[in-house]
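Data first, discussion second: the structure below is written as structure tokens.
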Amino acid sequence: MSVTYQTGPEFAAEMDARDSLAHFRDRFFFPKIEAGEKTGEECIYLCGHSLGLEPKSVETYLQQALRDWANFGVEGHFHAKDAWMPYHRLLTEQTAALVGAKPFEVVVMNSLTVNLHLMMTSFYRPTAKRHKILIERAAFPSDQYAVQSQIRFHGFDPATSLLELQPRDGESCMRDEDILELIEREGDSIALIMLGGVNYVTGQRFDMPAITKAGHGKGCVVGFDLAHAAGNVPLMLHDWNPDFAVWCSYKYLNGGPGCVGGCFVHERHARAVELPRFCGWWGHDEKTRFLMGPDFRAMEGAEGWQLSNPPILALAALRASMEIFFEAGMENLRAKSISLTGYMEFLLGQAPSEKFTITTPREPMRRGAQLSIRFAHEGRKLCNRLAAMGVIGDWREPDTFRVAAVPLYNSYKDVYRFAQILSAAFH
Ligand SMILES: *Cc1c(COP(=O)(O)O)cnc(C)c1O
């Protein structure tokens, strides 16, 4: 699908008319502008990288769960329309397909940071010789905290055990070859490589298969935080071969605020029931779980890392979104995403270039839907102006405005209007 982008509004209208995914927009609620002369108009929502919009069908799923609770009480575990006991598995196949895994390699559970800790408990096993964790300096703070606390928990010091990737001077993004070179150079002392699939500030997508291969070549464990990758870019976790991965479901996956996250454990570990882990009753082999014996025996598969019985209401909300995802198809979504983000980049290229730079990589293969716009001056003020005009993106100190045109519900017209408003805001 190669088109030549054009600057006028007719182009956006024509692209929307041709877009076979355009009708999915109607399946979501869009926030409205709350004050000022545009009160009541639909916002231009470009914040799916932070919190995905609410599918209208969420209500139906939630109501079913609530009705089942009302009608059955505890018996809902067995007699609900979709029994609660195996409820989390209703999401397994779709989740596995979404991240390119085998179903028993994934589980939907907890939240991202919790899952990250659970995975590090099993897979970060530092020794005196090999104790470092490699992350991005600009990693999401929660990942930084989690990783540093794990290092301390094992009696090491982040000052000597934390190895941070950062771009070359004057550059915003990491060069893939620099990452591989660092792994080659430092790999013997690295216990765990824990990188984002897509960086949350710059939107840079990393070469996950190459990093995994390089890390394994040096004997390191490799895990990915896919918060900004899941539902955004294609993933083939089983084939790419990392040891584990974690993600959340409220960003591109539209599961709702604080919704349950996901976790991948590669096949070669997933059946290793003797692996050290923090245990809870839901990770116990289901065949004997309800004998309620004192000794833990892990389930095979990623489910063996579960702690608690799952939050049915949150899972119900996530089902609504996953269903829509699969109707649309990840390949179709990615194709539209590349086109839509390219269009945004093209339109922004028409605005006064001294006012801002786009720090996200230019190559579609090195990014997902997000573009990060770094303002030269007074970014905060500009963002407030954009917000008053109904543009919802998000601000990251000190100078970056992040926007994502999400292929599931954003239109070419959204992108066009955003570019118009941004250009106007500069004057
Ligand atoms: C959004 C995000 C988180 C959030 O963690 P929660 O445990 O879901 O609150 C963590 N890491 C990254 C990289 C993120 O983008």
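Residues are named by chain letter and number: chains run A, B, ... in the order of the structure tokens, numbers start at 1 in each chain, and ligands are numbered from 1 in the order shown.
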
Could you pull out the residues sitting within 9 Å of ligand 1, using only C-alpha atoms and all ligand atoms, and write them as a ChimeraX atom specification? /A:49-51,110-116,139-144,195-201,225-229,247-251,258-261

For A:Tyr45, list every protein, DNA or RNA residue within 7 Å, evaluated using only C-alpha atoms, and leave out those in the same chain fewer than 4 positions away; present the list as a PDB file with N, CA and C atoms, in the first residue's frame.
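What ended up in out_33.pdb:
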```
ATOM      1  N   VAL A 391      -7.050  18.588  21.648  1.00  0.00           N
ATOM      2  CA  VAL A 391      -6.059  17.560  21.305  1.00  0.00           C
ATOM      3  C   VAL A 391      -5.595  16.873  22.591  1.00  0.00           C
ATOM      4  N   ILE A 392      -5.795  15.575  22.668  1.00  0.00           N
ATOM      5  CA  ILE A 392      -5.298  14.831  23.830  1.00  0.00           C
ATOM      6  C   ILE A 392      -4.108  13.985  23.404  1.00  0.00           C
ATOM      7  N   GLY A 393      -2.925  14.423  23.881  1.00  0.00           N
ATOM      8  CA  GLY A 393      -1.710  13.625  23.759  1.00  0.00           C
ATOM      9  C   GLY A 393      -1.137  13.618  25.150  1.00  0.00           C
TER      10      GLY A 393
END
```

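Each of A:Leu162, A:Leu348, A:Val415, A:Val147 was checked against A:Ala13 using only C-alpha atoms; the smallest atom-to-atom distance is that of A:Val415.
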
Name the residues in contact with A:Ser353 at a cut-off of 12 Å, using only C-alpha atoms, excluding same-chain residues fewer than 5 positions from it; report them as an NGL selection string. :A and (347-348 or 358 or 373-376 or 423 or 426)

So which bits of stretch 277-336 of chain A end up helix (DSSP H, G or I) when you DSSP the backbone, as a short mmCIF file (atom, residue, chain, number, x, y, z; two decimals) with N, CA and C atoms, in the first residue's frame?
```cif
data_model
loop_
_atom_site.label_atom_id
_atom_site.label_comp_id
_atom_site.auth_asym_id
_atom_site.auth_seq_id
_atom_site.Cartn_x
_atom_site.Cartn_y
_atom_site.Cartn_z
N TRP A 281 -1.50 -19.72 45.35
CA TRP A 281 -2.31 -20.92 45.10
C TRP A 281 -2.77 -21.06 43.66
N TRP A 282 -2.87 -19.92 42.93
CA TRP A 282 -3.37 -20.07 41.55
C TRP A 282 -2.30 -20.57 40.59
N GLY A 283 -1.07 -20.59 41.06
CA GLY A 283 -0.01 -21.18 40.23
C GLY A 283 0.16 -22.66 40.50
N ARG A 289 -5.03 -28.42 43.08
CA ARG A 289 -5.09 -27.12 43.78
C ARG A 289 -6.10 -27.16 44.92
N PHE A 290 -7.23 -27.76 44.66
CA PHE A 290 -8.31 -27.67 45.66
C PHE A 290 -8.29 -28.78 46.70
N LEU A 291 -7.24 -29.57 46.63
CA LEU A 291 -7.00 -30.45 47.79
C LEU A 291 -6.42 -29.61 48.92
N ALA A 302 3.03 -20.80 31.58
CA ALA A 302 3.11 -19.49 32.24
C ALA A 302 2.12 -19.39 33.40
N GLU A 303 1.05 -20.16 33.34
CA GLU A 303 0.06 -20.12 34.43
C GLU A 303 0.66 -20.51 35.78
N GLY A 304 1.78 -21.20 35.74
CA GLY A 304 2.44 -21.60 36.99
C GLY A 304 3.04 -20.43 37.76
N TRP A 305 3.00 -19.23 37.16
CA TRP A 305 3.50 -18.04 37.87
C TRP A 305 2.33 -17.23 38.45
N ILE A 312 -12.12 -11.04 37.80
CA ILE A 312 -13.04 -11.32 36.69
C ILE A 312 -13.53 -10.06 36.00
N LEU A 313 -13.81 -9.01 36.79
CA LEU A 313 -14.36 -7.80 36.16
C LEU A 313 -13.35 -7.16 35.20
N ALA A 314 -12.09 -7.16 35.61
CA ALA A 314 -11.06 -6.59 34.73
C ALA A 314 -10.88 -7.46 33.48
N LEU A 315 -10.90 -8.77 33.68
CA LEU A 315 -10.76 -9.66 32.52
C LEU A 315 -11.94 -9.49 31.56
N ALA A 316 -13.12 -9.28 32.14
CA ALA A 316 -14.31 -9.10 31.30
C ALA A 316 -14.13 -7.89 30.39
N ALA A 317 -13.62 -6.81 30.96
CA ALA A 317 -13.41 -5.59 30.16
C ALA A 317 -12.40 -5.85 29.04
N LEU A 318 -11.36 -6.57 29.37
CA LEU A 318 -10.33 -6.85 28.38
C LEU A 318 -10.85 -7.72 27.23
N ARG A 319 -11.78 -8.61 27.56
CA ARG A 319 -12.34 -9.46 26.49
C ARG A 319 -12.98 -8.64 25.39
N ALA A 320 -13.65 -7.56 25.80
CA ALA A 320 -14.33 -6.72 24.80
C ALA A 320 -13.33 -6.21 23.77
N SER A 321 -12.21 -5.71 24.28
CA SER A 321 -11.23 -5.12 23.38
C SER A 321 -10.52 -6.18 22.54
N MET A 322 -10.18 -7.30 23.17
CA MET A 322 -9.46 -8.33 22.43
C MET A 322 -10.33 -8.85 21.28
N GLU A 323 -11.62 -8.92 21.54
CA GLU A 323 -12.52 -9.38 20.48
C GLU A 323 -12.45 -8.43 19.27
N ILE A 324 -12.45 -7.14 19.54
CA ILE A 324 -12.39 -6.17 18.44
C ILE A 324 -11.04 -6.26 17.71
N PHE A 325 -9.98 -6.41 18.50
CA PHE A 325 -8.65 -6.56 17.91
C PHE A 325 -8.62 -7.69 16.89
N PHE A 326 -9.24 -8.80 17.28
CA PHE A 326 -9.16 -9.95 16.40
C PHE A 326 -10.08 -9.85 15.21
N GLU A 327 -11.13 -9.10 15.36
CA GLU A 327 -11.97 -8.83 14.20
C GLU A 327 -11.17 -8.00 13.19
N ALA A 328 -10.46 -7.02 13.70
CA ALA A 328 -9.70 -6.12 12.81
C ALA A 328 -8.48 -6.82 12.22
N MET A 330 -4.37 -8.12 13.41
CA MET A 330 -3.14 -7.39 13.73
C MET A 330 -2.40 -6.93 12.48
N GLU A 331 -2.42 -7.75 11.44
CA GLU A 331 -1.70 -7.35 10.22
C GLU A 331 -2.33 -6.13 9.56
N ASN A 332 -3.68 -6.13 9.52
CA ASN A 332 -4.37 -4.97 8.95
C ASN A 332 -4.09 -3.73 9.77
N LEU A 333 -4.10 -3.93 11.10
CA LEU A 333 -3.87 -2.79 11.98
C LEU A 333 -2.47 -2.21 11.78
N ARG A 334 -1.51 -3.11 11.66
CA ARG A 334 -0.14 -2.64 11.48
C ARG A 334 0.02 -1.89 10.15
N ALA A 335 -0.61 -2.41 9.11
CA ALA A 335 -0.51 -1.74 7.80
C ALA A 335 -1.09 -0.34 7.89
N LYS A 336 -2.26 -0.23 8.53
CA LYS A 336 -2.86 1.11 8.66
C LYS A 336 -2.00 1.99 9.57
#
```

From the set A:Ala138, A:Asp19, A:Gly203, A:Arg362, which residue has the shortest atom-to-atom contact distance to A:Phe346, counting only C-alpha atoms?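 Using only C-alpha atoms, the shortest distance to A:Phe346 belongs to A:Arg362.
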
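The two atoms in question, atom CA of A:Tyr343 and atom CA of A:Tyr252, are spaced 19.4 Å apart.
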
With DSSP run on the backbone, what are the strand (DSSP E) residues within stretch 65-153 of chain A? I'd like them as an mmCIF file with all heavy atoms, in the first residue's frame.
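Written file, part_2.cif:
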```cif
data_model
loop_
_atom_site.group_PDB
_atom_site.id
_atom_site.type_symbol
_atom_site.label_atom_id
_atom_site.label_comp_id
_atom_site.auth_asym_id
_atom_site.auth_seq_id
_atom_site.Cartn_x
_atom_site.Cartn_y
_atom_site.Cartn_z
ATOM 1 N N VAL A 106 1.795 -18.108 27.614
ATOM 2 C CA VAL A 106 1.279 -16.812 28.086
ATOM 3 C C VAL A 106 0.224 -16.977 29.161
ATOM 4 O O VAL A 106 -0.462 -17.995 29.250
ATOM 5 C CB VAL A 106 0.668 -15.969 26.932
ATOM 6 C CG1 VAL A 106 1.708 -15.674 25.880
ATOM 7 C CG2 VAL A 106 -0.551 -16.646 26.340
ATOM 8 N N VAL A 107 0.107 -15.938 29.964
ATOM 9 C CA VAL A 107 -0.968 -15.872 30.945
ATOM 10 C C VAL A 107 -1.316 -14.403 31.147
ATOM 11 O O VAL A 107 -0.442 -13.536 31.081
ATOM 12 C CB VAL A 107 -0.572 -16.555 32.279
ATOM 13 C CG1 VAL A 107 0.662 -15.914 32.901
ATOM 14 C CG2 VAL A 107 -1.730 -16.564 33.262
ATOM 15 N N VAL A 108 -2.605 -14.152 31.326
ATOM 16 C CA VAL A 108 -3.064 -12.800 31.619
ATOM 17 C C VAL A 108 -3.248 -12.731 33.126
ATOM 18 O O VAL A 108 -4.062 -13.473 33.687
ATOM 19 C CB VAL A 108 -4.374 -12.509 30.861
ATOM 20 C CG1 VAL A 108 -4.956 -11.173 31.288
ATOM 21 C CG2 VAL A 108 -4.115 -12.522 29.368
ATOM 22 N N MET A 109 -2.460 -11.893 33.787
ATOM 23 C CA MET A 109 -2.508 -11.844 35.252
ATOM 24 C C MET A 109 -1.873 -10.552 35.771
ATOM 25 O O MET A 109 -1.082 -9.911 35.082
ATOM 26 C CB MET A 109 -1.758 -13.030 35.861
ATOM 27 C CG MET A 109 -0.270 -13.065 35.539
ATOM 28 S SD MET A 109 0.576 -14.439 36.373
ATOM 29 C CE MET A 109 2.290 -14.069 35.980
ATOM 30 N N LYS A 132 25.035 -8.168 36.497
ATOM 31 C CA LYS A 132 24.484 -6.901 36.006
ATOM 32 C C LYS A 132 23.133 -7.067 35.310
ATOM 33 O O LYS A 132 22.834 -8.115 34.748
ATOM 34 C CB LYS A 132 25.469 -6.250 35.027
ATOM 35 C CG LYS A 132 26.745 -5.786 35.711
ATOM 36 C CD LYS A 132 27.670 -5.081 34.745
ATOM 37 C CE LYS A 132 28.991 -4.773 35.464
ATOM 38 N NZ LYS A 132 30.032 -4.356 34.510
ATOM 39 N N ILE A 133 22.371 -5.998 35.367
ATOM 40 C CA ILE A 133 21.152 -5.921 34.565
ATOM 41 C C ILE A 133 21.339 -4.778 33.570
ATOM 42 O O ILE A 133 21.736 -3.671 33.952
ATOM 43 C CB ILE A 133 19.896 -5.657 35.415
ATOM 44 C CG1 ILE A 133 19.720 -6.760 36.468
ATOM 45 C CG2 ILE A 133 18.659 -5.569 34.524
ATOM 46 C CD1 ILE A 133 18.455 -6.621 37.314
ATOM 47 N N LEU A 134 21.083 -5.073 32.321
ATOM 48 C CA LEU A 134 21.168 -4.045 31.275
ATOM 49 C C LEU A 134 19.774 -3.497 30.998
ATOM 50 O O LEU A 134 18.864 -4.253 30.649
ATOM 51 C CB LEU A 134 21.750 -4.647 29.983
ATOM 52 C CG LEU A 134 21.805 -3.706 28.765
ATOM 53 C CD1 LEU A 134 22.777 -2.553 28.998
ATOM 54 C CD2 LEU A 134 22.178 -4.471 27.497
ATOM 55 N N ILE A 135 19.604 -2.186 31.190
ATOM 56 C CA ILE A 135 18.334 -1.546 30.817
ATOM 57 C C ILE A 135 18.643 -0.244 30.085
ATOM 58 O O ILE A 135 19.797 0.145 29.920
ATOM 59 C CB ILE A 135 17.435 -1.230 32.040
ATOM 60 C CG1 ILE A 135 18.110 -0.219 32.962
ATOM 61 C CG2 ILE A 135 17.080 -2.484 32.801
ATOM 62 C CD1 ILE A 135 17.134 0.317 33.990
ATOM 63 N N GLU A 136 17.579 0.432 29.673
ATOM 64 C CA GLU A 136 17.762 1.751 29.058
ATOM 65 C C GLU A 136 17.844 2.788 30.166
ATOM 66 O O GLU A 136 17.083 2.715 31.127
ATOM 67 C CB GLU A 136 16.548 2.101 28.190
ATOM 68 C CG GLU A 136 16.231 1.112 27.117
ATOM 69 C CD GLU A 136 14.714 1.047 26.909
ATOM 70 O OE1 GLU A 136 14.195 1.921 26.210
ATOM 71 O OE2 GLU A 136 14.077 0.133 27.447
#
```

Spatial neighbours of A:Val99, 7 Å, only C-alpha atoms, chain gap at least 4 places, as a ChimeraX atom specification: /A:95,230,235-237

Restrict the selected residues to all heavy atoms and save them as a PDB file, in the first residue's frame.
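Output file result.pdb follows:
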```pdb
ATOM      1  N   THR A  95      -4.409 -13.765  23.247  1.00  0.00           N
ATOM      2  CA  THR A  95      -3.183 -13.146  23.758  1.00  0.00           C
ATOM      3  C   THR A  95      -1.955 -13.803  23.127  1.00  0.00           C
ATOM      4  O   THR A  95      -1.012 -13.123  22.714  1.00  0.00           O
ATOM      5  CB  THR A  95      -3.126 -13.271  25.293  1.00  0.00           C
ATOM      6  OG1 THR A  95      -4.260 -12.603  25.833  1.00  0.00           O
ATOM      7  CG2 THR A  95      -1.861 -12.661  25.862  1.00  0.00           C
ATOM      8  N   ALA A 230       2.864  -4.196  22.883  1.00  0.00           N
ATOM      9  CA  ALA A 230       1.715  -5.102  22.756  1.00  0.00           C
ATOM     10  C   ALA A 230       0.525  -4.368  22.138  1.00  0.00           C
ATOM     11  O   ALA A 230       0.089  -3.341  22.643  1.00  0.00           O
ATOM     12  CB  ALA A 230       1.339  -5.661  24.123  1.00  0.00           C
ATOM     13  N   LEU A 235       4.547  -8.941  17.046  1.00  0.00           N
ATOM     14  CA  LEU A 235       5.464  -9.623  17.965  1.00  0.00           C
ATOM     15  C   LEU A 235       5.476 -11.107  17.635  1.00  0.00           C
ATOM     16  O   LEU A 235       4.445 -11.682  17.291  1.00  0.00           O
ATOM     17  CB  LEU A 235       4.999  -9.421  19.415  1.00  0.00           C
ATOM     18  CG  LEU A 235       4.995  -7.971  19.927  1.00  0.00           C
ATOM     19  CD1 LEU A 235       4.195  -7.858  21.214  1.00  0.00           C
ATOM     20  CD2 LEU A 235       6.418  -7.476  20.124  1.00  0.00           C
ATOM     21  N   MET A 236       6.646 -11.711  17.733  1.00  0.00           N
ATOM     22  CA  MET A 236       6.775 -13.156  17.496  1.00  0.00           C
ATOM     23  C   MET A 236       7.637 -13.734  18.601  1.00  0.00           C
ATOM     24  O   MET A 236       8.751 -14.206  18.370  1.00  0.00           O
ATOM     25  CB  MET A 236       7.424 -13.396  16.130  1.00  0.00           C
ATOM     26  CG  MET A 236       6.589 -12.878  14.979  1.00  0.00           C
ATOM     27  SD  MET A 236       7.480 -12.997  13.412  1.00  0.00           S
ATOM     28  CE  MET A 236       7.769 -14.757  13.355  1.00  0.00           C
ATOM     29  N   LEU A 237       7.126 -13.641  19.808  1.00  0.00           N
ATOM     30  CA  LEU A 237       7.968 -13.943  20.968  1.00  0.00           C
ATOM     31  C   LEU A 237       8.534 -15.355  20.946  1.00  0.00           C
ATOM     32  O   LEU A 237       9.692 -15.565  21.293  1.00  0.00           O
ATOM     33  CB  LEU A 237       7.183 -13.702  22.264  1.00  0.00           C
ATOM     34  CG  LEU A 237       6.835 -12.233  22.552  1.00  0.00           C
ATOM     35  CD1 LEU A 237       6.092 -12.115  23.878  1.00  0.00           C
ATOM     36  CD2 LEU A 237       8.089 -11.367  22.561  1.00  0.00           C
TER      37      LEU A 237
END
```

Top pick for closest residue to A:Arg367, considering A:His77, A:Arg185, A:Arg18, A:Arg205 and counting only C-alpha atoms: A:Arg205

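All residues of protein, DNA or RNA that reach within 12 Å of A:Lys381, judged by only C-alpha atoms and not counting those fewer than 3 positions away in the chain, are Phe375, Ala376, His377, Glu378, Asn384, Arg385, Leu386, Ala387, Ala388, Trp395, Asp399, Thr400, Phe401, Ala425 and Phe426 of chain A.
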
So that I can see what lies close to A:Ala424, please list as an NGL selection string the residues with an atom at most 12 Å from it, counting only C-alpha atoms and leaving out residues fewer than 5 positions away in the same chain. :A and (348 or 351-352 or 382 or 385-386 or 389 or 417-419)

By how many Å are atom CA of A:Gly301 and atom CA of A:Pro86 apart?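 Rounded to one decimal, the two atoms are 14.8 Å apart.
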
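In terms of minimum interatomic distance to A:Ser189, A:Ala128 ranks closest within A:Ala128, A:Val246, A:Cys43, A:Leu90, counting only C-alpha atoms.
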